[in-house]
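Source file work.pdb; content: PDB, C-alpha atoms.
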ATOM      1  CA  VAL A   1       8.793  64.460  39.427
ATOM      2  CA  GLY A   2       5.019  64.022  39.374
ATOM      3  CA  TRP A   3       3.627  60.508  39.728
ATOM      4  CA  TYR A   4       6.806  58.709  38.665
ATOM      5  CA  SER A   5       7.387  57.339  42.120
ATOM      6  CA  LEU A   6       3.716  56.491  42.732
ATOM      7  CA  SER A   7       3.159  54.683  39.455
ATOM      8  CA  ALA A   8       6.459  52.828  39.827
ATOM      9  CA  THR A   9       5.550  51.847  43.398
ATOM     10  CA  ILE A  10       2.069  50.637  42.463
ATOM     11  CA  ILE A  11       3.406  48.677  39.506
ATOM     12  CA  SER A  12       6.364  47.301  41.505
ATOM     13  CA  ALA A  13       3.905  45.667  43.879
ATOM     14  CA  ALA A  14       2.818  43.495  40.944
ATOM     15  CA  ASP A  15       6.240  43.097  39.311
ATOM     16  CA  ALA A  16       9.487  44.812  40.292
ATOM     17  CA  GLN A  17      10.867  44.816  36.758
ATOM     18  CA  LEU A  18       7.710  46.468  35.423
ATOM     19  CA  GLY A  19       8.074  49.131  38.112
ATOM     20  CA  VAL A  20      11.555  49.975  36.831
ATOM     21  CA  VAL A  21      10.257  50.068  33.263
ATOM     22  CA  ALA A  22       7.445  52.409  34.337
ATOM     23  CA  PHE A  23       9.863  54.766  36.060
ATOM     24  CA  LEU A  24      12.339  54.841  33.174
ATOM     25  CA  SER A  25       9.614  55.270  30.551
ATOM     26  CA  ASN A  26       8.266  58.288  32.451
ATOM     27  CA  ILE A  27      11.730  59.862  32.609
ATOM     28  CA  LEU A  28      12.446  59.188  28.938
ATOM     29  CA  ARG A  29       9.024  60.487  27.859
ATOM     30  CA  GLU A  30       9.660  63.723  29.718
ATOM     31  CA  ILE A  31      13.089  64.186  28.126
ATOM     32  CA  ILE A  32      11.663  63.430  24.692
ATOM     33  CA  ALA A  33       8.816  65.896  25.298
ATOM     34  CA  ILE A  34      11.223  68.675  26.285
ATOM     35  CA  VAL A  35      13.129  68.122  23.046
ATOM     36  CA  LEU A  36      10.143  67.587  20.727
ATOM     37  CA  VAL A  37       7.583  70.123  22.014
ATOM     38  CA  PRO A  38       9.137  73.076  20.126
ATOM     39  CA  LEU A  39       9.281  71.105  16.884
ATOM     40  CA  LEU A  40       5.784  69.652  17.269
ATOM     41  CA  SER A  41       4.207  72.975  18.129
ATOM     42  CA  LYS A  42       5.713  74.586  15.008
ATOM     43  CA  THR A  43       4.854  71.765  12.615
ATOM     44  CA  LEU A  44       1.636  70.227  14.002
ATOM     45  CA  GLY A  45       0.270  72.844  16.384
ATOM     46  CA  PRO A  46      -0.161  73.079  20.142
ATOM     47  CA  TRP A  47      -2.304  69.976  20.770
ATOM     48  CA  PRO A  48       0.281  67.342  19.756
ATOM     49  CA  ALA A  49       2.887  69.276  21.741
ATOM     50  CA  ILE A  50       0.690  69.243  24.856
ATOM     51  CA  SER A  51      -0.217  65.573  24.525
ATOM     52  CA  THR A  52       3.435  64.585  24.145
ATOM     53  CA  ALA A  53       4.180  66.015  27.573
ATOM     54  CA  GLY A  54       1.555  63.892  29.332
ATOM     55  CA  ALA A  55       1.175  64.666  33.033
ATOM     56  CA  THR A  56       4.314  66.814  33.026
ATOM     57  CA  ALA A  57       2.474  69.354  30.867
ATOM     58  CA  MET A  58       1.371  70.933  34.139
ATOM     59  CA  ASP A  59       4.816  71.364  35.673
ATOM     60  CA  THR A  60       8.180  70.469  34.154
ATOM     61  CA  VAL A  61       7.309  70.884  30.473
ATOM     62  CA  LEU A  62       4.837  73.772  30.985
ATOM     63  CA  PRO A  63       7.415  76.537  30.373
ATOM     64  CA  VAL A  64       8.537  74.838  27.158
ATOM     65  CA  ILE A  65       4.921  74.548  25.985
ATOM     66  CA  ALA A  66       4.139  78.155  26.881
ATOM     67  CA  HIS A  67       7.221  79.387  25.035
ATOM     68  CA  SER A  68       6.774  77.178  21.971
ATOM     69  CA  ALA A  69       3.004  76.895  21.582
ATOM     70  CA  GLY A  70       1.974  80.209  23.106
ATOM     71  CA  SER A  71       0.741  81.356  26.475
ATOM     72  CA  GLU A  72      -2.885  80.545  25.600
ATOM     73  CA  SER A  73      -1.864  76.890  25.270
ATOM     74  CA  ALA A  74      -0.384  76.946  28.771
ATOM     75  CA  ALA A  75      -3.817  76.865  30.422
ATOM     76  CA  VAL A  76      -4.872  73.853  28.345
ATOM     77  CA  ALA A  77      -1.549  72.159  29.099
ATOM     78  CA  PHE A  78      -1.964  72.753  32.826
ATOM     79  CA  ILE A  79      -5.510  71.352  32.882
ATOM     80  CA  SER A  80      -4.440  68.355  30.792
ATOM     81  CA  GLY A  81      -1.573  67.630  33.171
ATOM     82  CA  VAL A  82      -3.805  67.900  36.235
ATOM     83  CA  LEU A  83      -6.411  65.539  34.781
ATOM     84  CA  LEU A  84      -3.775  63.004  33.785
ATOM     85  CA  SER A  85      -2.132  63.212  37.216
ATOM     86  CA  LEU A  86      -5.442  62.693  38.991
ATOM     87  CA  SER A  87      -6.195  59.662  36.846
ATOM     88  CA  VAL A  88      -2.979  57.791  37.744
ATOM     89  CA  PRO A  89      -4.108  56.372  41.129
ATOM     90  CA  LEU A  90      -7.341  55.210  39.515
ATOM     91  CA  VAL A  91      -6.217  53.910  36.123
ATOM     92  CA  VAL A  92      -2.919  52.177  36.999
ATOM     93  CA  PRO A  93      -4.464  49.657  39.430
ATOM     94  CA  VAL A  94      -7.239  48.900  36.927
ATOM     95  CA  LEU A  95      -4.692  48.257  34.182
ATOM     96  CA  LEU A  96      -2.649  46.085  36.523
ATOM     97  CA  GLY A  97      -5.726  43.938  36.985
ATOM     98  CA  PHE A  98      -5.303  42.797  33.378
ATOM     99  CA  LEU A  99      -1.878  41.241  34.114
TER     100      LEU A  99
END
Translate this file's structure into structure tokens.
Amino acid sequence: VGWYSLSATIISAADAQLGVVAFLSNILREIIAIVLVPLLSKTLGPWPAISTAGATAMDTVLPVIAHSAGSESAAVAFISGVLLSLSVPLVVPVLLGFL
């Protein structure tokens, strides 16, 4: 599930409703990525397909990316997902400071 629970927990500390929105938006983005990655990789190339997956490019959506965009894109997808996942504990609290 990645950082769904962490981001939702951090955001819920500021506003419970925003925490629910964060959790649901992560789930919906992942479902949309699973559906759209094959289409995006065929029409626009591997980079839009990888970016659509967000942090889940390193785990849940990685097989879809590797199958649709090619195995060479899998390494880029994995690194992208790791970097995005590592940024969550740092970026989310900073963004919450703007509320």
Chain and number of each residue from the PyMOL selection byres ((chain A and resi 81-94) around 10), as a PyMOL selection string: chain A and resi 2-4+6-8+10-11+14+50-51+53-59+61-62+75-80+95-99
Residues returned when the PyMOL selection byres ((chain A and resi 33) around 8) runs on this file, as a VMD selection string: chain A and resid 29 to 32 34 to 37 49 52 to 53 61
Kindly give the distance, in Å, that separates CA of Ala69 (chain A) and CA of Ser41 (chain A), rounded to a single decimal. 5.4 Å
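Between CA of Pro63 (chain A) and CA of Ser25 (chain A) lies a distance of 21.4 Å.
Between CA of Pro38 (chain A) and CA of Ile65 (chain A) there is a distance of 7.4 Å.
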